[in-house]
Structures are given as structure tokens and as C-alpha cells.
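Chemist: Next up is a structure, given as C-alpha cells.
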Amino acid sequence: MIRIVLLVIWLLLSAWLVIWTGEGLFGVNQRESILPFSGEDTLGGPIIIGVAWGVILTFGGTLSGFGRRTKVRGEAEIGVGRIVELSRTGLTVNDAPQYDVFIRVTPRAGDEFIGGLRMLVEPDDLASLQVGQPIPVRYSVSDQDTVELADITDPMVREAMLQWRIERGLIDPRQVKARTSGTQVPASVLEVRPTGRRLEGQSELALKVLMAPEGAATWEVDTMVFVYPEAISRFQVGAPIWAFYRREDPHTVAVTIEKEAGR
């Protein structure tokens with residue numbers, strides 16, 4: 001609503017300035033005007049209106065969000081993005097600064113693109129929005145200029161992220177059945193080493209894992225996992241993780257950092 005009001009006011013001021021300029025250039029009697037607030041020989045009215053016009057043009061987008069949508073419209077899909085730029089707009093609401101966040105999105109199909117969103121960020125949450133940070137996003141199929149953050153706790157988002165990893169080759173094809181339909185159990189890292197392979201900004205690790213299902217015997221397996229560089233520390237020796245396996249093939253295992261709800 002605020003953006004509509006500001007837009008209407010700005011358009012009215014623009015029309016006033018255009019007419020005033022036209023009268024000054026082409027008017028026969030410069031002392032008469034059809035405009036309100038134009039006065040006789042004073043420039044006070046035009047100056048005030050011109051300043052107001054410039055202020056709305058300069059800061060209207062910041063104050064109202066005009067010029068940058070914050071909601072994705074039309075058919076939306078889920079993809080993975082990495083923050084490429086983070087800048088403050090100058091607006092603060094309840095001690096929460098507003099930021100323009102630009103994200104390089106890797107869609108499930110097609111080329112990468114950069115979209116943006118404008119959001120208020122609590123000071124305590126700023127650490128999770130750093131340049132290079134991977135985040136799940138929603139984007140419009142028809143208009144990729146605007147994106148929005150996706151809730152990773154949403155089962156649909158988790159499923160879309162999993163399918164994205166499978167399609168991008170970030171999960172070994174031999175592990176897909178275990179990852180999508182296997183049993184989830186606690187596990188611990190026994191050995192870890194990098195393989196040197198990189199894909200989609202992630203590094204591949206070779207792991208030896210101790211599988212530890214509750215109430216059953218433990219066993220060791222070798223597996224591979226692609227992880228973002230900032231998550232490598234979560235796979236150090238002794239680190240607790242979660243693993244998926246199928247009972248008919250207990251030595252084919254896929255691993256994750258956090259427990260997946262509903263599995």
C-alpha cells in the first residue's frame with residue numbers, strides 16, 4: 001500500500017514539474033499558471049516540489065520496497081544458491097537492518113543466474129548470510145530477477161534439494177537407493193581423506209564410517225560424500241553423523257550431517 005501511495009505522489013509531482021517547465025518555456029504570460037503552489041514571482045513552490053520529487057525517486061525504493069519485489073510470482077521451483085553480494089539499504093526496523101542480497105542460483109535445469117531479494121536481518125542471523133554461503137531458494141520460472149529463501153525444514157524443500165544433488169551427480173548413483181529409501185542410523189567417522197574431486201563448488205571426501213544402529217551390532221563401511229568446504233569440519237574423525245543403508249546391502253551407505261525427520 002505504501003509503495004502505491006508513494007508512486008502516485010511521485011507521478012503527480014512529475015506531472016506538476018513537467019507542466020511548470022512547459023509553462024516557463026512556452027507560456028505567453030509567465031505570471032499566470034494553471035498549477036497550484038506556483039506563486040507569482042517566487043520559486044519556493046517549484047523548489048519544494050522538486051526536492052520532494054527527488055527524495056521519493058532516490059529513497060522511495062528503500063522506504064517502501066518499490067523497485068525490488070520480495071516475493072516470487074508465478075510458477076516457482078527450488079534451487080541452490082550461493083550469496084555473491086550483501087549490502088545494506090540504509091533502512092533499519094526495530095534494530096534489524098535491511099539488506100539487499102544477491103544470490104547466484106544453480107537451478108535443477110538450465111544455466112546459473114543471479115537473483116536478488118530484500119530482507120530484514122537480525123544481527124544474530126547475519127553470520128548465516130555471508131558471501132559464498134550456500135542456501136536453498138525459491139525462484140520464478142518466468143522471472144529470475146527475484147528469489148526468496150526456502151525453508152530447509154520443509155519436507156518439500158528437503159526433497160527438492162535431495163533431487164538436485166542426485167541430478168547434479170553429488171550423490172553416487174550406487175547410493176541413491178540407500179539415500180532415498182534406506183534406513184537411517186547413527187554413525188561416526190573413523191577415517192577421512194579428500195579425493196581431490198570437486199563438483200558444484202563441493203569437495204569429495206572418502207570416509208570410513210562406523211555404523212551404530214540402536215540395539216544391533218556395529219559394522220564399518222567405506223563411502224564417499226560431496227560437501228561444501230565450510231562443512232568439511234563436520235566430517236572429522238570421531239564426528240557423529242547419520243547414515244542410510246538398505247538391509248539387503250548394508251555396505252552401500254549414504255551419509256548426512258543432520259538427522260532427517262520422518263526417516
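In the C-alpha cells, the first chain shown is A, the next is B, and so on; residue numbers restart at 1 for each chain, and ligands run from 1 in the order shown.
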Residues at most 9 Å from Tyr228 (chain A), counting only C-alpha atoms, excluding those fewer than 6 positions away in the same chain, as a PDB file with C-alpha atoms, in the first residue's frame?

Modeler:
```
ATOM      1  CA  PRO A 134      25.049 -21.969   0.155  1.00  0.00           C
ATOM      2  CA  GLU A 200      29.322 -27.778  -7.992  1.00  0.00           C
ATOM      3  CA  GLY A 201      31.619 -26.000  -5.545  1.00  0.00           C
ATOM      4  CA  GLN A 202      31.803 -29.063  -3.290  1.00  0.00           C
ATOM      5  CA  SER A 203      34.724 -31.325  -2.426  1.00  0.00           C
ATOM      6  CA  GLU A 204      34.553 -35.110  -2.317  1.00  0.00           C
TER       7      GLU A 204
END
```

Chemist: Tell me, as a list in words, which residues lie within 7 Å of region 244-252 of chain A, counting only C-alpha atoms; anything in the same chain fewer than 5 positions away does not count.

Modeler: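 Near neighbours after the sequence-gap exclusion: Gln175, Ala178, Arg179, Gly182, Thr183, Gln184, Val185 and Val221 of chain A.
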
Chemist: For the selection you just gave me, I'd like the residues written to a file as a PDB file, in the first residue's frame, keeping C-alpha atoms.

Modeler:
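Dumped to result-v5.pdb:
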```
ATOM      1  CA  GLN A 175      23.987 -44.687  -3.100  1.00  0.00           C
ATOM      2  CA  ALA A 178      20.060 -46.132   0.187  1.00  0.00           C
ATOM      3  CA  ARG A 179      19.692 -42.353   0.437  1.00  0.00           C
ATOM      4  CA  GLY A 182      17.101 -46.756   3.186  1.00  0.00           C
ATOM      5  CA  THR A 183      17.098 -46.961   6.967  1.00  0.00           C
ATOM      6  CA  GLN A 184      18.609 -44.037   8.868  1.00  0.00           C
ATOM      7  CA  VAL A 185      21.011 -44.877  11.716  1.00  0.00           C
ATOM      8  CA  VAL A 221      31.892 -49.334   5.748  1.00  0.00           C
TER       9      VAL A 221
END
```

Chemist: Which residues, written as a ChimeraX atom specification, have at least one atom at most 8 Å from region 136-138 of chain A, with only C-alpha atoms counted and residues fewer than 6 positions away on the same chain left out?

Modeler: /A:72,76-81,105,147-152,157,161

Chemist: Neighbours of Ile103 (chain A) within 7 Å (only C-alpha atoms; same-chain residues fewer than 4 positions away dropped), as a PyMOL selection string?

Modeler: chain A and resi 81-84+114-116

Chemist: May I have the residues from that selection written out with N, CA and C atoms, as an mmCIF file, in the first residue's frame?

Modeler:
```cif
data_model
loop_
_atom_site.group_PDB
_atom_site.id
_atom_site.type_symbol
_atom_site.label_atom_id
_atom_site.label_comp_id
_atom_site.auth_asym_id
_atom_site.auth_seq_id
_atom_site.Cartn_x
_atom_site.Cartn_y
_atom_site.Cartn_z
ATOM 1 N N GLY A 81 21.442 -21.805 -4.031
ATOM 2 C CA GLY A 81 22.106 -20.548 -4.349
ATOM 3 C C GLY A 81 23.301 -20.309 -3.445
ATOM 4 N N ARG A 82 24.191 -19.460 -3.915
ATOM 5 C CA ARG A 82 25.324 -19.019 -3.098
ATOM 6 C C ARG A 82 25.333 -17.497 -3.113
ATOM 7 N N ILE A 83 25.433 -16.897 -1.946
ATOM 8 C CA ILE A 83 25.403 -15.443 -1.826
ATOM 9 C C ILE A 83 26.656 -14.854 -2.475
ATOM 10 N N VAL A 84 26.446 -13.889 -3.381
ATOM 11 C CA VAL A 84 27.577 -13.245 -4.048
ATOM 12 C C VAL A 84 27.768 -11.804 -3.587
ATOM 13 N N ILE A 114 21.724 -14.894 -11.524
ATOM 14 C CA ILE A 114 21.804 -14.136 -10.276
ATOM 15 C C ILE A 114 20.465 -13.458 -10.022
ATOM 16 N N GLY A 115 19.887 -13.742 -8.882
ATOM 17 C CA GLY A 115 18.643 -13.113 -8.454
ATOM 18 C C GLY A 115 18.881 -12.349 -7.164
ATOM 19 N N GLY A 116 17.898 -11.559 -6.770
ATOM 20 C CA GLY A 116 18.062 -10.752 -5.566
ATOM 21 C C GLY A 116 16.827 -10.761 -4.700
#
```

Chemist: Which parts of region 162-227 of chain A does DSSP call alpha helix (DSSP H) when run on the backbone here, written out as a list in words?

Modeler: Leu162, Gln163, Trp164, Arg165, Ile166, Glu167, Val176, Lys177, Ala178, Arg179, Thr180 and Ser181 of chain A

Chemist: Write a file of the selected residues as an mmCIF file, in the first residue's frame, keeping N, CA and C atoms.

Modeler:
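Result file is out.cif:
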```cif
data_model
loop_
_atom_site.group_PDB
_atom_site.id
_atom_site.type_symbol
_atom_site.label_atom_id
_atom_site.label_comp_id
_atom_site.auth_asym_id
_atom_site.auth_seq_id
_atom_site.Cartn_x
_atom_site.Cartn_y
_atom_site.Cartn_z
ATOM 1 N N LEU A 162 17.387 -32.810 -2.280
ATOM 2 C CA LEU A 162 17.933 -34.147 -2.492
ATOM 3 C C LEU A 162 17.939 -34.495 -3.975
ATOM 4 N N GLN A 163 16.830 -34.206 -4.660
ATOM 5 C CA GLN A 163 16.762 -34.492 -6.090
ATOM 6 C C GLN A 163 17.783 -33.665 -6.864
ATOM 7 N N TRP A 164 17.999 -32.425 -6.429
ATOM 8 C CA TRP A 164 19.005 -31.572 -7.075
ATOM 9 C C TRP A 164 20.388 -32.202 -6.937
ATOM 10 N N ARG A 165 20.711 -32.719 -5.758
ATOM 11 C CA ARG A 165 22.015 -33.346 -5.539
ATOM 12 C C ARG A 165 22.167 -34.602 -6.397
ATOM 13 N N ILE A 166 21.086 -35.366 -6.507
ATOM 14 C CA ILE A 166 21.148 -36.580 -7.326
ATOM 15 C C ILE A 166 21.362 -36.225 -8.789
ATOM 16 N N GLU A 167 20.599 -35.256 -9.288
ATOM 17 C CA GLU A 167 20.691 -34.872 -10.694
ATOM 18 C C GLU A 167 22.040 -34.263 -11.036
ATOM 19 N N VAL A 176 22.006 -43.959 -4.322
ATOM 20 C CA VAL A 176 20.710 -43.292 -4.433
ATOM 21 C C VAL A 176 19.610 -44.069 -3.717
ATOM 22 N N LYS A 177 19.551 -45.381 -3.924
ATOM 23 C CA LYS A 177 18.500 -46.169 -3.272
ATOM 24 C C LYS A 177 18.628 -46.110 -1.755
ATOM 25 N N ALA A 178 19.856 -46.206 -1.260
ATOM 26 C CA ALA A 178 20.060 -46.132 0.187
ATOM 27 C C ALA A 178 19.647 -44.764 0.719
ATOM 28 N N ARG A 179 19.987 -43.716 -0.036
ATOM 29 C CA ARG A 179 19.692 -42.353 0.437
ATOM 30 C C ARG A 179 18.206 -42.042 0.396
ATOM 31 N N THR A 180 17.494 -42.548 -0.593
ATOM 32 C CA THR A 180 16.086 -42.191 -0.757
ATOM 33 C C THR A 180 15.123 -43.129 -0.036
ATOM 34 N N SER A 181 15.505 -44.397 0.136
ATOM 35 C CA SER A 181 14.558 -45.346 0.738
ATOM 36 C C SER A 181 15.183 -46.225 1.814
#
```

Chemist: Suppose you want the space between CA of Glu230 (chain A) and CA of Thr153 (chain A); what is it in Å?

Modeler: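 Result for CA of Glu230 (chain A) versus CA of Thr153 (chain A): 20.1 Å, one decimal.
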
Chemist: Write out as a PDB file with C-alpha atoms, in the first residue's frame the residues lying within 10 Å of Ser14 (chain A), counting only C-alpha atoms and excluding same-chain residues fewer than 6 positions away.

Modeler:
```
ATOM      1  CA  VAL A   8       1.019   8.074  -7.093  1.00  0.00           C
ATOM      2  CA  TRP A  20       5.637  24.076 -14.797  1.00  0.00           C
ATOM      3  CA  ILE A  49       8.170  20.125  -5.118  1.00  0.00           C
ATOM      4  CA  GLY A  50      11.418  19.384  -6.957  1.00  0.00           C
ATOM      5  CA  TRP A  53      10.285  14.559  -6.239  1.00  0.00           C
ATOM      6  CA  GLY A  54      13.998  13.820  -5.921  1.00  0.00           C
TER       7      GLY A  54
END
```

Chemist: Go through A:Ser233, A:Ser188, A:Thr256, A:Gln130 one by one, measure the shortest atom-to-atom distance of each to Pro213 (chain A) using only C-alpha atoms, and give the residue with the smallest value.

Modeler: A:Ser188

Chemist: Which one is closest to Thr146 (chain A): A:Lys208, A:Arg104, A:Lys259, A:Arg193? Count only C-alpha atoms.

Modeler: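 Result for the nearest residue to Thr146 (chain A): A:Arg104.
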
Chemist: Env of region 88-90 of chain A: 7 Å cut, atoms = only C-alpha atoms, seq-sep filter 5 positions within chain, self excluded. Answer as number ranges by chain.

Modeler: A: 62, 97-100

Chemist: Expressed in Å to a single decimal, how great is the separation between CA of Leu190 (chain A) and CA of Val253 (chain A)?

Modeler: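 Interatomic distance, CA of Leu190 (chain A) to CA of Val253 (chain A): 14.3 Å.
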